[in-house]
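S.K.: If you scroll down you'll find the structure; I have some questions about it.
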Amino acid sequence: MTAFAWTRTAGDGPARAGLLHTAHGDVPTPTFMPVGTAATVKAMTADAVRATGAGIVLGNTYHLMLRPGAERVAALGGLHRFMDWPGPILTDSGGFQIMSLGKLRKLDAEGVTFRSHLDGTEYRLTPERSIEIQYNLDSTITMVLDECTAFPATYEVAESSMALSMRWAARSRAAFQPRDGYALFGIVQGSIFPDLRIKSCAALAAIGFDGYAIGGLAVGEGQVEMFAMLDVTVPHLPGDRPRYLMGVGTPDDLLGGVMRGVDMFDCVMPTRAGRTGRAFTSRGILNMRNARHAVDNGPIDPACVCPACTKHGRAYLHHLFRCDEMLGPILLTWHNLSYYQALMRGMRVAILEGRLHAYADAVRAGWKDGKEALLF
Ligand SMILES: [Zn+2]
């Protein structure tokens, strides 16, 4: 068995290209992790996800603990076998979804009590229970339980929330059972306050983790503030460990994140957009429901090699969405994930060749020239 590690291959300014070594295989970084909420990347078979070039996927503890239950997944051979993904899987701690439950949850110093959004059943999640659930799922990369600080927050609220997350990080570390090739990541909090972010980095580094995530961003602060927080945070993270920006983002966010030294990302954006008819392309975002695609036999993106682009024209995708055929979301999810993976590969190659800035400029110029960059 290999020890879990991240090795640096090359750098271009703060940006890094590297390799993640895990019990379930190696993953080149920077990497984007498709979100497989309920042990499935929505609308995609595992083979299809692999075909897009994804090397690691994400599973959601909150959803899996409710259905089918972590102990049941363990009895069925673990999440890898359950969802036909023998490669690495990262699971979140459940904290983010539970904090979003609003009135259905109650936070105290020891953990959080909440009611299932499905049937109202009461559950209790503590740092120790979250680690146990992720162990039962056989998660390759386990995340500590934290409190994702709501935005906006006053300095005092952000400070006490961050301090709580750091206490829970230490308890998560103590509960985690080290195994070859498996990892536990800590999560930096601190809202948009630079000194809190720096304190959080120091607290996590003192505990010691296999990787470091930056949480509590992409929650409404905007891209300028998010990038400013990355500029503040990343230099205070250990340079020999992977860095993961949670829940991010748009293709432009990925460019900016990698340029600031982030190695890993996850977001529902490409899959969710795919199900609602929106395509991310090298020429900006297309809405496939738009009537102007109705008689256009050209591909969604001539630069893309996915089945939606190589076997079909825009008119066919438009037709599928107009008829609410399930193949529409399937093909467009496949395309969007392919686009995200191609973007990550492009950035990795550019870092290896020392031309990331030129690459980013060219990608952004493509979105602008397309005059279709509606949402970036
Ligand atoms: Zn495509």
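All residue names refer to the structure tokens as shown: chains lettered A, B, ... in order, residues numbered from 1 in each chain, ligands numbered from 1 in order.
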Applying 10 Å and only C-alpha atoms, which residues near segment 42-45 of chain A remain after dropping the ones on its own chain fewer than 3 positions away? List them as a list in words.
M.R.: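 Here the qualifying residues turn out to be Pro34, Val35, Gly36, Thr37, Ala38, Ala39, Ala48, Val49, Arg50, Ala51, Met83, Asp84, Trp85, Val268, Thr271, Arg272, Gly274, Arg275, Met326, Leu327, Gly328, Pro329, Ile330, Leu331, Leu332, Thr333 and Trp334 of chain A.
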S.K.: Could you name the residues that touch Arg322 of chain A at 12 Å or less, counting only C-alpha atoms, but leaving out those on the same chain fewer than 6 positions away, as a list in words?
M.R.: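 My list of contacting residues is Thr276, Gly277, Asn287, Met288, Arg289, Asn290, Ala291, His293, Ala294, Ala315, Tyr316, Gly328 and Pro329 of chain A.
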S.K.: Any chance you could export the current selection's all heavy atoms as a compact mmCIF listing (two decimals), in the first residue's frame?
M.R.:
# COMPACT_ATOMS: atom_id res chain seq x y z
N THR A 276 -30.36 21.64 -16.46
CA THR A 276 -31.30 22.72 -16.75
C THR A 276 -31.07 23.34 -18.12
O THR A 276 -31.64 24.40 -18.43
CB THR A 276 -31.22 23.82 -15.67
OG1 THR A 276 -29.87 24.31 -15.62
CG2 THR A 276 -31.61 23.30 -14.31
N GLY A 277 -30.22 22.71 -18.94
CA GLY A 277 -30.09 23.15 -20.33
C GLY A 277 -28.98 24.14 -20.60
O GLY A 277 -28.91 24.70 -21.69
N ASN A 287 -27.56 28.56 -23.59
CA ASN A 287 -28.81 28.00 -23.08
C ASN A 287 -29.44 27.19 -24.21
O ASN A 287 -29.93 27.76 -25.19
CB ASN A 287 -29.74 29.12 -22.63
CG ASN A 287 -31.04 28.59 -22.06
OD1 ASN A 287 -31.34 27.39 -22.16
ND2 ASN A 287 -31.82 29.46 -21.45
N MET A 288 -29.43 25.87 -24.07
CA MET A 288 -29.87 25.01 -25.17
C MET A 288 -31.36 25.10 -25.43
O MET A 288 -31.84 24.65 -26.47
CB MET A 288 -29.46 23.56 -24.91
CG MET A 288 -27.97 23.32 -24.79
SD MET A 288 -26.96 24.21 -26.01
CE MET A 288 -27.59 23.54 -27.54
N ARG A 289 -32.12 25.72 -24.51
CA ARG A 289 -33.56 25.89 -24.74
C ARG A 289 -33.83 27.06 -25.68
O ARG A 289 -34.95 27.21 -26.18
CB ARG A 289 -34.27 26.15 -23.40
CG ARG A 289 -34.31 24.93 -22.49
CD ARG A 289 -35.04 25.26 -21.20
NE ARG A 289 -35.08 24.11 -20.32
CZ ARG A 289 -36.00 23.15 -20.39
NH1 ARG A 289 -36.98 23.26 -21.26
NH2 ARG A 289 -35.97 22.13 -19.58
N ASN A 290 -32.81 27.89 -25.90
CA ASN A 290 -32.99 29.08 -26.72
C ASN A 290 -33.32 28.70 -28.17
O ASN A 290 -32.68 27.84 -28.77
CB ASN A 290 -31.69 29.90 -26.67
CG ASN A 290 -31.90 31.31 -27.18
OD1 ASN A 290 -32.41 31.50 -28.28
ND2 ASN A 290 -31.52 32.28 -26.39
N ALA A 291 -34.32 29.40 -28.75
CA ALA A 291 -34.82 29.06 -30.09
C ALA A 291 -33.75 29.19 -31.17
O ALA A 291 -33.84 28.56 -32.22
CB ALA A 291 -36.02 29.95 -30.43
N HIS A 293 -31.02 27.87 -31.37
CA HIS A 293 -30.33 26.60 -31.61
C HIS A 293 -31.19 25.61 -32.42
O HIS A 293 -30.72 24.54 -32.79
CB HIS A 293 -29.94 25.93 -30.29
CG HIS A 293 -29.08 26.79 -29.41
ND1 HIS A 293 -27.87 27.30 -29.84
CD2 HIS A 293 -29.26 27.25 -28.14
CE1 HIS A 293 -27.34 28.02 -28.87
NE2 HIS A 293 -28.16 28.02 -27.83
N ALA A 294 -32.46 25.97 -32.69
CA ALA A 294 -33.43 24.99 -33.20
C ALA A 294 -33.05 24.41 -34.56
O ALA A 294 -33.40 23.27 -34.87
CB ALA A 294 -34.81 25.64 -33.29
N ALA A 315 -29.10 21.59 -32.46
CA ALA A 315 -30.55 21.45 -32.71
C ALA A 315 -31.11 20.23 -31.99
O ALA A 315 -32.23 20.26 -31.48
CB ALA A 315 -30.82 21.36 -34.21
N TYR A 316 -30.32 19.14 -31.97
CA TYR A 316 -30.80 17.92 -31.31
C TYR A 316 -30.90 18.14 -29.81
O TYR A 316 -31.90 17.77 -29.18
CB TYR A 316 -29.85 16.75 -31.62
CG TYR A 316 -30.31 15.43 -31.05
CD1 TYR A 316 -31.53 14.87 -31.43
CD2 TYR A 316 -29.52 14.74 -30.13
CE1 TYR A 316 -31.96 13.66 -30.91
CE2 TYR A 316 -29.94 13.53 -29.60
CZ TYR A 316 -31.16 12.99 -29.98
OH TYR A 316 -31.59 11.79 -29.47
N GLY A 328 -31.44 14.62 -22.76
CA GLY A 328 -30.92 15.99 -22.77
C GLY A 328 -30.01 16.25 -21.58
O GLY A 328 -28.83 16.59 -21.74
N PRO A 329 -30.55 16.11 -20.34
CA PRO A 329 -29.69 16.29 -19.16
C PRO A 329 -28.48 15.34 -19.14
O PRO A 329 -27.40 15.72 -18.69
CB PRO A 329 -30.64 15.98 -18.00
CG PRO A 329 -31.98 16.37 -18.52
CD PRO A 329 -31.97 16.00 -19.98
S.K.: By how many Å are atom CA of Gly111 of chain A and atom CA of Ser161 of chain A apart?
M.R.: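 Here the two named atoms are 12.5 Å from each other.
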S.K.: Compute the set of protein, DNA and RNA residues whose minimum atom distance to ligand 1 is at most 8 Å, using only C-alpha atoms and all ligand atoms, and state it as a list in words.
M.R.: Thr281, Pro299, Ile300, Asp301, Pro302, Ala303, Cys304, Val305, Cys306, Pro307, Ala308, Cys309, Thr310, Leu332, Trp334, His335, Asn336, Ser338 and Tyr339 of chain A
S.K.: Between A:Leu104, A:Ala170, A:Tyr182, A:Ile131, which one has atoms that come closest to Gly25 of chain A, using only C-alpha atoms?
M.R.: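 With only C-alpha atoms as the atom set, the closest residue is A:Tyr182.
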S.K.: Can you work out the spacing between atom CA of Thr154 of chain A and atom CA of Gly190 of chain A in Å, to one decimal?
M.R.: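 About the pair atom CA of Thr154 of chain A and atom CA of Gly190 of chain A: they are 10.6 Å apart.
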S.K.: Where does DSSP see strand (DSSP E or B) in segment 4-230 of chain A, if you list the residues as a PyMOL selection string?
M.R.: chain A and resi 5-12+15-22+25-29+31-36+57-59+89-91+105-107+112-115+122-125+141-143+183-188+211-214
S.K.: Taking only C-alpha atoms into account, which of A:Thr233, A:Ser139, A:Asn297, A:Thr250 comes nearest Leu58 of chain A?
M.R.: A:Ser139
S.K.: Which residue is closest to Met264 of chain A? Choose from A:Arg241, A:Arg72, A:Arg197, A:Arg167 and count only C-alpha atoms.
M.R.: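 Checking each of A:Arg241, A:Arg72, A:Arg197, A:Arg167 against Met264 of chain A, counting only C-alpha atoms, the winner is A:Arg241.
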S.K.: For Gly55 of chain A, which residue out of A:Thr31, A:Val41, A:His312, A:Glu110 is the nearest one, using only C-alpha atoms?
M.R.: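 Answer, going by the shortest atom-to-atom distance: A:Thr31.
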S.K.: Skip Leu137 of chain A itself and residues of its chain fewer than 6 positions away, then list as a ChimeraX atom specification all residues within 12 Å of it, counting only C-alpha atoms.
M.R.: /A:38-39,58-65,68-83,89-93,130-131
S.K.: Any chance you can output those residues with C-alpha atoms as a compact mmCIF listing (two decimals), in the first residue's frame?
M.R.:
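Listing of again-v7.txt after writing:
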# COMPACT_ATOMS: atom_id res chain seq x y z
CA ALA A 38 -26.23 10.26 -3.22
CA ALA A 39 -23.57 7.80 -4.47
CA LEU A 58 -17.15 13.57 -4.06
CA GLY A 59 -19.87 11.96 -1.95
CA ASN A 60 -22.15 13.73 0.56
CA THR A 61 -22.19 12.39 4.12
CA TYR A 62 -25.49 14.08 4.97
CA HIS A 63 -27.41 12.44 2.13
CA LEU A 64 -25.73 9.03 2.52
CA MET A 65 -26.24 8.89 6.31
CA PRO A 68 -29.16 4.27 2.59
CA GLY A 69 -27.19 4.78 5.85
CA ALA A 70 -23.42 4.49 6.28
CA GLU A 71 -23.61 1.13 8.07
CA ARG A 72 -25.60 -0.31 5.19
CA VAL A 73 -23.07 1.00 2.65
CA ALA A 74 -20.32 -0.66 4.74
CA ALA A 75 -22.21 -3.97 4.78
CA LEU A 76 -22.56 -3.76 1.00
CA GLY A 77 -18.79 -3.44 0.57
CA GLY A 78 -18.23 0.32 0.84
CA LEU A 79 -18.99 3.30 -1.35
CA HIS A 80 -16.42 2.42 -4.05
CA ARG A 81 -18.11 -0.89 -4.80
CA PHE A 82 -21.63 0.44 -4.20
CA MET A 83 -21.30 3.15 -6.89
CA ILE A 89 -13.60 9.33 -3.24
CA LEU A 90 -13.69 12.41 -1.01
CA THR A 91 -16.63 12.76 1.35
CA ASP A 92 -17.69 15.98 3.02
CA SER A 93 -18.45 15.92 6.75
CA SER A 130 -19.00 12.25 11.19
CA ILE A 131 -15.57 10.56 11.11
S.K.: Please provide the set of residues having any atom within 6 Å of Ile214 of chain A, restricted to only C-alpha atoms, with same-chain residues fewer than 4 positions apart removed, written as a CSV table (one decimal) with N, CA and C atoms, in the first residue's frame.
M.R.:
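Written file, around.csv:
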chain,number,residue,atom,x,y,z
A,187,ILE,N,-10.2,22.0,7.7
A,187,ILE,CA,-10.9,23.1,6.9
A,187,ILE,C,-10.7,24.5,7.5
A,188,VAL,N,-10.1,25.4,6.8
A,188,VAL,CA,-9.9,26.7,7.2
A,188,VAL,C,-11.2,27.5,7.2
A,245,LEU,N,-10.3,23.9,-2.4
A,245,LEU,CA,-11.2,25.0,-2.3
A,245,LEU,C,-12.6,24.5,-2.4
S.K.: Hey, can you check how far atom CA of Arg243 of chain A sits from atom CA of Cys148 of chain A?
M.R.: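 Taking atom CA of Arg243 of chain A as the start and atom CA of Cys148 of chain A as the end point, the length is 17.3 Å.
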S.K.: Here is a test: counting only C-alpha atoms, which residue of A:Gly13, A:Pro88, A:Pro251, A:Pro178 is nearest to Pro28 of chain A?
M.R.: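 Closest to Pro28 of chain A, using only C-alpha atoms: A:Pro88.
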S.K.: Counting only C-alpha atoms, which residues of segment 59-147 of chain A fall within 7 Å of segment 171-177 of chain A, and what is the closest atom pair for each with its distance in Å at one decimal, ordered by chain and rising number, as CSV?
M.R.:
residue,atom,partner,partner_atom,distance
A:Pro127,CA,A:Ser172,CA,5.2
A:Glu128,CA,A:Ala175,CA,5.6
A:Ile131,CA,A:Phe176,CA,6.2
A:Val144,CA,A:Ser172,CA,5.5
A:Leu145,CA,A:Ser172,CA,6.9
S.K.: Dump all heavy atoms for the selected residues as a PDB file, in the first residue's frame?
M.R.:
ATOM      1  N   PRO A 127     -18.306  15.590  15.747  1.00  0.00           N
ATOM      2  CA  PRO A 127     -17.088  15.332  14.976  1.00  0.00           C
ATOM      3  C   PRO A 127     -16.777  13.831  14.923  1.00  0.00           C
ATOM      4  O   PRO A 127     -16.437  13.297  13.861  1.00  0.00           O
ATOM      5  CB  PRO A 127     -16.020  16.104  15.754  1.00  0.00           C
ATOM      6  CG  PRO A 127     -16.767  17.231  16.396  1.00  0.00           C
ATOM      7  CD  PRO A 127     -18.111  16.668  16.748  1.00  0.00           C
ATOM      8  N   GLU A 128     -16.938  13.148  16.058  1.00  0.00           N
ATOM      9  CA  GLU A 128     -16.609  11.721  16.111  1.00  0.00           C
ATOM     10  C   GLU A 128     -17.555  10.903  15.233  1.00  0.00           C
ATOM     11  O   GLU A 128     -17.126   9.975  14.546  1.00  0.00           O
ATOM     12  CB  GLU A 128     -16.681  11.209  17.569  1.00  0.00           C
ATOM     13  CG  GLU A 128     -15.604  11.785  18.495  1.00  0.00           C
ATOM     14  CD  GLU A 128     -15.884  13.231  18.938  1.00  0.00           C
ATOM     15  OE1 GLU A 128     -17.033  13.696  18.772  1.00  0.00           O
ATOM     16  OE2 GLU A 128     -14.951  13.883  19.452  1.00  0.00           O
ATOM     17  N   ILE A 131     -16.762  11.343  11.501  1.00  0.00           N
ATOM     18  CA  ILE A 131     -15.573  10.561  11.110  1.00  0.00           C
ATOM     19  C   ILE A 131     -15.944   9.078  10.992  1.00  0.00           C
ATOM     20  O   ILE A 131     -15.512   8.387  10.073  1.00  0.00           O
ATOM     21  CB  ILE A 131     -14.438  10.749  12.152  1.00  0.00           C
ATOM     22  CG1 ILE A 131     -13.992  12.215  12.208  1.00  0.00           C
ATOM     23  CG2 ILE A 131     -13.254   9.829  11.849  1.00  0.00           C
ATOM     24  CD1 ILE A 131     -13.341  12.760  10.973  1.00  0.00           C
ATOM     25  N   VAL A 144     -13.007  16.918   8.096  1.00  0.00           N
ATOM     26  CA  VAL A 144     -13.389  17.187   9.485  1.00  0.00           C
ATOM     27  C   VAL A 144     -14.771  17.840   9.510  1.00  0.00           C
ATOM     28  O   VAL A 144     -15.162  18.508   8.549  1.00  0.00           O
ATOM     29  CB  VAL A 144     -12.391  18.145  10.183  1.00  0.00           C
ATOM     30  CG1 VAL A 144     -11.001  17.555  10.206  1.00  0.00           C
ATOM     31  CG2 VAL A 144     -12.392  19.527   9.530  1.00  0.00           C
ATOM     32  N   LEU A 145     -15.506  17.637  10.605  1.00  0.00           N
ATOM     33  CA  LEU A 145     -16.769  18.361  10.786  1.00  0.00           C
ATOM     34  C   LEU A 145     -16.436  19.796  11.182  1.00  0.00           C
ATOM     35  O   LEU A 145     -15.608  20.029  12.066  1.00  0.00           O
ATOM     36  CB  LEU A 145     -17.627  17.699  11.871  1.00  0.00           C
ATOM     37  CG  LEU A 145     -19.005  18.336  12.082  1.00  0.00           C
ATOM     38  CD1 LEU A 145     -19.897  18.138  10.853  1.00  0.00           C
ATOM     39  CD2 LEU A 145     -19.702  17.758  13.313  1.00  0.00           C
TER      40      LEU A 145
END
